[in-house]
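**Student:** Could you have a look at this structure, given as structure tokens, before my questions?
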Amino acid sequence: VQGKISDFNLLIVTNAKRDEYGALTPEAEQLIIEISSYSRLFHILMWAGKSERFKVLSTPDGLERLESRGLMKPRQLEVLQNSKLAEAELHTAPLEWMMIRANQAMENGHMAGDTATKGLLLKQIVALRGKSRAITNMEAGRMPLAYVNLVQVLVDSFVITAPIALYSRLGDYSVGAVFFVTIFYTGLNNLAKIFLDPFNNENYSSNAIFMDLGVFLREVNGQSIEWQKAGKDLPFYESKKSV
């Protein structure tokens, strides 16, 4: 998801309108700022709809907090509040804003509006939607909970009966053998639970390391402005200072 967002922002910056010195026009700069803002909001709301840890951000109070912190404008907050979208689907609104705003810029001549550019942007936005939906589908398509409980019972039964089974052969050495068997099988079982619930929504393992979505959010927040900085001035155009 982060990569597709970065790809979309890259296409916007590299196809935005520039003046004779290679500098972005004021309208193009505003376009890039707005689409970067939409992409950040989409990413935040997307994970808020999938993770219990960030679920509060998609609630009415959470949206107002995002607006107060400058992550969205009052008009954007109003649109989201008036929409009839479920909290888990709020991210679809800024996703549409990204493409619609790009289409508007093409029509107004603030970025390249040829068929190839428009087609590539559409391809990226559809791929971004697909990546987002795939995460939801993978979560919904997990193995049944009954199977997980069965595996837990089998592992616990194996670990409990291991000392009895091993003592007849290993004697006192069975203490060490049971220790390693317990560590291996219970650890492997806990690892499987983490893979089953990488967002730790169901608190399978409170003391385990789970996927830190905050890293993803910071990555996109940083990348959303890096492309604008990188393409602000170009070496193959004559500098305004030298004129």
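Here, A, B, ... name the chains of the structure tokens in the order displayed, residue numbers run from 1 inside each chain, and ligands are numbered from 1 in the same displayed order.
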Show me, as an MDAnalysis selection string, the residues that have an atom within 9 Å of Met72 of chain A when counting only C-alpha atoms, minus same-chain residues fewer than 6 positions from it.

**Tutor:** chainID A and resid 37:38 41 63 66

**Student:** Excluding same-chain residues fewer than 4 positions from Leu57 of chain A, what lies within 10 Å of it counting only C-alpha atoms, as a VMD selection string?

**Tutor:** chain A and resid 44 to 45 47 to 49 52 to 53 61 to 66 87

**Student:** Could you please take those selected residues and save N, CA and C atoms as a short mmCIF file (atom, residue, chain, number, x, y, z; two decimals), in the first residue's frame?

**Tutor:**
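Saved file out.cif follows:
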```cif
data_model
loop_
_atom_site.label_atom_id
_atom_site.label_comp_id
_atom_site.auth_asym_id
_atom_site.auth_seq_id
_atom_site.Cartn_x
_atom_site.Cartn_y
_atom_site.Cartn_z
N ILE A 44 -4.22 6.79 6.76
CA ILE A 44 -4.57 6.77 8.18
C ILE A 44 -5.92 6.09 8.38
N LEU A 45 -6.92 6.51 7.59
CA LEU A 45 -8.26 5.95 7.76
C LEU A 45 -8.33 4.49 7.32
N TRP A 47 -5.94 2.14 7.76
CA TRP A 47 -5.49 1.31 8.87
C TRP A 47 -6.42 1.44 10.07
N ALA A 48 -7.06 2.61 10.24
CA ALA A 48 -8.02 2.77 11.33
C ALA A 48 -9.20 1.83 11.16
N GLY A 49 -9.53 1.49 9.91
CA GLY A 49 -10.62 0.57 9.65
C GLY A 49 -10.25 -0.89 9.78
N GLU A 52 -7.67 -2.44 15.60
CA GLU A 52 -8.34 -1.97 16.81
C GLU A 52 -7.55 -0.87 17.48
N ARG A 53 -6.24 -0.91 17.33
CA ARG A 53 -5.38 0.09 17.97
C ARG A 53 -5.68 1.50 17.45
N ASP A 61 -15.28 11.54 17.05
CA ASP A 61 -14.30 12.27 17.87
C ASP A 61 -12.91 12.18 17.26
N GLY A 62 -12.58 11.02 16.72
CA GLY A 62 -11.26 10.85 16.10
C GLY A 62 -11.09 11.72 14.88
N LEU A 63 -12.13 11.82 14.06
CA LEU A 63 -12.07 12.66 12.87
C LEU A 63 -11.88 14.13 13.26
N GLU A 64 -12.59 14.56 14.30
CA GLU A 64 -12.44 15.94 14.75
C GLU A 64 -11.04 16.19 15.28
N ARG A 65 -10.46 15.19 15.90
CA ARG A 65 -9.09 15.32 16.40
C ARG A 65 -8.10 15.42 15.23
N LEU A 66 -8.32 14.63 14.19
CA LEU A 66 -7.47 14.71 13.00
C LEU A 66 -7.55 16.09 12.37
N GLU A 87 -17.58 3.34 9.33
CA GLU A 87 -16.28 3.82 9.82
C GLU A 87 -15.12 3.07 9.16
#
```

**Student:** Excluding Lys50 of chain A and any residue of its chain fewer than 5 positions from it, enumerate the residues within 8 Å of it, using only C-alpha atoms, and give them as an NGL selection string.

**Tutor:** :A and (55 or 88 or 136)

**Student:** List every residue of segment 24-217 of chain A that DSSP, applied to the backbone of this structure, places in helix (DSSP H, G or I), and write the result as a ChimeraX atom specification.

**Tutor:** /A:26-48,55-58,60-68,74-82,87-89,92-107,115-140,145-196,213-217

**Student:** Excluding Gln76 of chain A and its own-chain neighbours fewer than 5 positions away, which residues fall within 10 Å of it when counting only C-alpha atoms? Please give them as an mmCIF file with C-alpha atoms, in the first residue's frame.

**Tutor:**
```
data_model
loop_
_atom_site.group_PDB
_atom_site.id
_atom_site.type_symbol
_atom_site.label_atom_id
_atom_site.label_comp_id
_atom_site.auth_asym_id
_atom_site.auth_seq_id
_atom_site.Cartn_x
_atom_site.Cartn_y
_atom_site.Cartn_z
ATOM 1 C CA TYR A 38 -5.535 13.163 0.598
ATOM 2 C CA LEU A 63 -12.067 12.663 12.870
ATOM 3 C CA GLU A 67 -8.911 18.004 11.780
ATOM 4 C CA LEU A 71 -4.471 16.309 8.956
ATOM 5 C CA GLN A 81 -19.220 13.425 8.617
ATOM 6 C CA ASN A 82 -22.071 13.869 6.135
ATOM 7 C CA ALA A 93 -13.562 8.920 0.193
ATOM 8 C CA PRO A 94 -10.020 10.399 0.166
#
```

**Student:** Residues at most 10 Å from segment 9-19 of chain A, counting only C-alpha atoms, excluding those fewer than 6 positions away in the same chain, as a PyMOL selection string?

**Tutor:** chain A and resi 3+25-29+31-33+35-36+39+98+102+105-106+109-113+117-118+120-121+124+223-232+237

**Student:** When you count only C-alpha atoms, which of these residues is closest to Gly119 of chain A: A:Phe8, A:Lys131, A:Ile160, A:Lys73?

**Tutor:** A:Phe8

**Student:** Could you check how far atom CA of Ser132 of chain A sits from atom CA of Thr92 of chain A, in Å to one decimal?

**Tutor:**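 That distance, rounded to one decimal, is 9.8 Å.
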
**Student:** Could you pull the residues within 12 Å of Met138 of chain A, counting only C-alpha atoms, minus those fewer than 4 positions along the same chain, as an NGL selection string?

**Tutor:** :A and (50 or 131-134 or 142-143 or 195-198)

**Student:** Those selected residues, please, written with all heavy atoms and delivered as a PDB file, in the first residue's frame.

**Tutor:**
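What follows is the written file result_5.pdb:
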```
ATOM      1  N   LYS A  50      -8.966  -1.177   9.969  1.00  0.00           N
ATOM      2  CA  LYS A  50      -8.509  -2.563  10.037  1.00  0.00           C
ATOM      3  C   LYS A  50      -7.892  -2.921  11.381  1.00  0.00           C
ATOM      4  O   LYS A  50      -7.803  -4.101  11.722  1.00  0.00           O
ATOM      5  CB  LYS A  50      -7.491  -2.827   8.921  1.00  0.00           C
ATOM      6  CG  LYS A  50      -8.018  -2.515   7.520  1.00  0.00           C
ATOM      7  CD  LYS A  50      -6.989  -2.798   6.450  1.00  0.00           C
ATOM      8  CE  LYS A  50      -7.416  -2.280   5.091  1.00  0.00           C
ATOM      9  NZ  LYS A  50      -8.730  -2.754   4.663  1.00  0.00           N
ATOM     10  N   LYS A 131      -4.901  -3.359  -3.319  1.00  0.00           N
ATOM     11  CA  LYS A 131      -4.010  -3.693  -2.207  1.00  0.00           C
ATOM     12  C   LYS A 131      -4.717  -3.508  -0.869  1.00  0.00           C
ATOM     13  O   LYS A 131      -4.572  -4.330   0.044  1.00  0.00           O
ATOM     14  CB  LYS A 131      -2.762  -2.811  -2.256  1.00  0.00           C
ATOM     15  CG  LYS A 131      -1.838  -3.075  -3.433  1.00  0.00           C
ATOM     16  CD  LYS A 131      -1.106  -4.383  -3.284  1.00  0.00           C
ATOM     17  CE  LYS A 131      -0.089  -4.580  -4.402  1.00  0.00           C
ATOM     18  NZ  LYS A 131       0.630  -5.869  -4.291  1.00  0.00           N
ATOM     19  N   SER A 132      -5.474  -2.413  -0.770  1.00  0.00           N
ATOM     20  CA  SER A 132      -6.202  -2.153   0.473  1.00  0.00           C
ATOM     21  C   SER A 132      -7.247  -3.217   0.735  1.00  0.00           C
ATOM     22  O   SER A 132      -7.371  -3.733   1.852  1.00  0.00           O
ATOM     23  CB  SER A 132      -6.856  -0.771   0.392  1.00  0.00           C
ATOM     24  OG  SER A 132      -7.729  -0.563   1.479  1.00  0.00           O
ATOM     25  N   ARG A 133      -8.000  -3.587  -0.294  1.00  0.00           N
ATOM     26  CA  ARG A 133      -9.048  -4.596  -0.128  1.00  0.00           C
ATOM     27  C   ARG A 133      -8.468  -5.971   0.140  1.00  0.00           C
ATOM     28  O   ARG A 133      -9.072  -6.773   0.862  1.00  0.00           O
ATOM     29  CB  ARG A 133      -9.924  -4.630  -1.384  1.00  0.00           C
ATOM     30  CG  ARG A 133     -11.082  -5.612  -1.327  1.00  0.00           C
ATOM     31  CD  ARG A 133     -11.990  -5.356  -0.155  1.00  0.00           C
ATOM     32  NE  ARG A 133     -12.586  -4.025  -0.210  1.00  0.00           N
ATOM     33  CZ  ARG A 133     -13.402  -3.553   0.722  1.00  0.00           C
ATOM     34  NH1 ARG A 133     -13.693  -4.275   1.795  1.00  0.00           N
ATOM     35  NH2 ARG A 133     -13.913  -2.336   0.595  1.00  0.00           N
ATOM     36  N   ALA A 134      -7.298  -6.253  -0.420  1.00  0.00           N
ATOM     37  CA  ALA A 134      -6.676  -7.561  -0.210  1.00  0.00           C
ATOM     38  C   ALA A 134      -6.376  -7.802   1.266  1.00  0.00           C
ATOM     39  O   ALA A 134      -6.479  -8.936   1.752  1.00  0.00           O
ATOM     40  CB  ALA A 134      -5.401  -7.662  -1.039  1.00  0.00           C
ATOM     41  N   ARG A 142      -9.379 -15.937   7.209  1.00  0.00           N
ATOM     42  CA  ARG A 142      -8.519 -16.747   8.070  1.00  0.00           C
ATOM     43  C   ARG A 142      -9.174 -18.089   8.400  1.00  0.00           C
ATOM     44  O   ARG A 142     -10.365 -18.291   8.184  1.00  0.00           O
ATOM     45  CB  ARG A 142      -8.219 -15.997   9.369  1.00  0.00           C
ATOM     46  CG  ARG A 142      -7.491 -14.685   9.191  1.00  0.00           C
ATOM     47  CD  ARG A 142      -7.185 -14.050  10.521  1.00  0.00           C
ATOM     48  NE  ARG A 142      -8.377 -13.905  11.334  1.00  0.00           N
ATOM     49  CZ  ARG A 142      -8.362 -13.451  12.598  1.00  0.00           C
ATOM     50  NH1 ARG A 142      -7.223 -13.145  13.163  1.00  0.00           N
ATOM     51  NH2 ARG A 142      -9.474 -13.327  13.273  1.00  0.00           N
ATOM     52  N   MET A 143      -8.363 -18.989   8.959  1.00  0.00           N
ATOM     53  CA  MET A 143      -8.889 -20.297   9.334  1.00  0.00           C
ATOM     54  C   MET A 143      -9.935 -20.146  10.446  1.00  0.00           C
ATOM     55  O   MET A 143      -9.887 -19.185  11.218  1.00  0.00           O
ATOM     56  CB  MET A 143      -7.748 -21.203   9.803  1.00  0.00           C
ATOM     57  CG  MET A 143      -7.069 -20.743  11.076  1.00  0.00           C
ATOM     58  SD  MET A 143      -5.708 -21.821  11.567  1.00  0.00           S
ATOM     59  CE  MET A 143      -4.516 -21.496  10.275  1.00  0.00           C
ATOM     60  N   PHE A 195       0.922 -14.607  13.565  1.00  0.00           N
ATOM     61  CA  PHE A 195       0.698 -14.572  12.116  1.00  0.00           C
ATOM     62  C   PHE A 195      -0.799 -14.552  11.792  1.00  0.00           C
ATOM     63  O   PHE A 195      -1.216 -13.962  10.790  1.00  0.00           O
ATOM     64  CB  PHE A 195       1.346 -15.779  11.444  1.00  0.00           C
ATOM     65  CG  PHE A 195       2.845 -15.691  11.375  1.00  0.00           C
ATOM     66  CD1 PHE A 195       3.629 -16.829  11.409  1.00  0.00           C
ATOM     67  CD2 PHE A 195       3.488 -14.468  11.268  1.00  0.00           C
ATOM     68  CE1 PHE A 195       5.008 -16.755  11.336  1.00  0.00           C
ATOM     69  CE2 PHE A 195       4.859 -14.375  11.190  1.00  0.00           C
ATOM     70  CZ  PHE A 195       5.627 -15.517  11.222  1.00  0.00           C
ATOM     71  N   LEU A 196      -1.596 -15.200  12.647  1.00  0.00           N
ATOM     72  CA  LEU A 196      -3.035 -15.245  12.423  1.00  0.00           C
ATOM     73  C   LEU A 196      -3.679 -13.890  12.724  1.00  0.00           C
ATOM     74  O   LEU A 196      -4.678 -13.521  12.107  1.00  0.00           O
ATOM     75  CB  LEU A 196      -3.667 -16.325  13.305  1.00  0.00           C
ATOM     76  CG  LEU A 196      -5.133 -16.662  13.043  1.00  0.00           C
ATOM     77  CD1 LEU A 196      -5.304 -17.275  11.668  1.00  0.00           C
ATOM     78  CD2 LEU A 196      -5.644 -17.618  14.120  1.00  0.00           C
ATOM     79  N   ASP A 197      -3.092 -13.145  13.649  1.00  0.00           N
ATOM     80  CA  ASP A 197      -3.630 -11.839  14.042  1.00  0.00           C
ATOM     81  C   ASP A 197      -2.481 -10.828  14.112  1.00  0.00           C
ATOM     82  O   ASP A 197      -2.084 -10.405  15.188  1.00  0.00           O
ATOM     83  CB  ASP A 197      -4.333 -11.952  15.402  1.00  0.00           C
ATOM     84  CG  ASP A 197      -4.947 -10.640  15.847  1.00  0.00           C
ATOM     85  OD1 ASP A 197      -5.343  -9.848  14.969  1.00  0.00           O
ATOM     86  OD2 ASP A 197      -5.021 -10.402  17.068  1.00  0.00           O
ATOM     87  N   PRO A 198      -1.922 -10.424  12.955  1.00  0.00           N
ATOM     88  CA  PRO A 198      -0.727  -9.561  12.961  1.00  0.00           C
ATOM     89  C   PRO A 198      -0.971  -8.177  13.549  1.00  0.00           C
ATOM     90  O   PRO A 198      -0.030  -7.525  14.003  1.00  0.00           O
ATOM     91  CB  PRO A 198      -0.369  -9.461  11.473  1.00  0.00           C
ATOM     92  CG  PRO A 198      -1.637  -9.738  10.748  1.00  0.00           C
ATOM     93  CD  PRO A 198      -2.367 -10.738  11.597  1.00  0.00           C
TER      94      PRO A 198
END
```

**Student:** Using Å and a single decimal, report how far atom CA of Pro163 of chain A sits from atom CA of Ala192 of chain A.

**Tutor:** 24.1 Å

**Student:** What is the distance between atom CA of Leu170 of chain A and atom CA of Tyr185 of chain A, in Å to one decimal?

**Tutor:** 19.4 Å

**Student:** How close does each residue of segment 108-179 of chain A get to segment 187-191 of chain A, giving the shortest atom pair and distance in Å to one decimal for every residue with an atom at most 9 Å away, counting only C-alpha atoms, sorted by chain and residue number, as CSV?

**Tutor:**
```
residue,atom,partner,partner_atom,distance
A:Val151,CA,A:Asn189,CA,8.1
A:Gln152,CA,A:Asn189,CA,7.4
A:Val155,CA,A:Asn189,CA,7.6
```

**Student:** Of the residues A:Asp172, A:Val79, A:Leu95, A:Ala162, which is the one nearest to Ala127 of chain A, using only C-alpha atoms?

**Tutor:**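 Distance minimum relative to Ala127 of chain A lands on A:Leu95.
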
**Student:** To test your reading of the structure, identify every residue in segment 10-126 of chain A that backbone DSSP assigns to strand (DSSP E or B), and report it as a short mmCIF file (atom, residue, chain, number, x, y, z; two decimals) with C-alpha atoms, in the first residue's frame.

**Tutor:**
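out-v9.cif, freshly written:
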```cif
data_model
loop_
_atom_site.label_atom_id
_atom_site.label_comp_id
_atom_site.auth_asym_id
_atom_site.auth_seq_id
_atom_site.Cartn_x
_atom_site.Cartn_y
_atom_site.Cartn_z
CA ALA A 16 2.59 18.73 -12.87
CA ARG A 18 6.07 23.95 -14.76
CA LEU A 24 6.23 24.30 -10.43
CA MET A 111 -0.73 18.84 -15.25
#
```
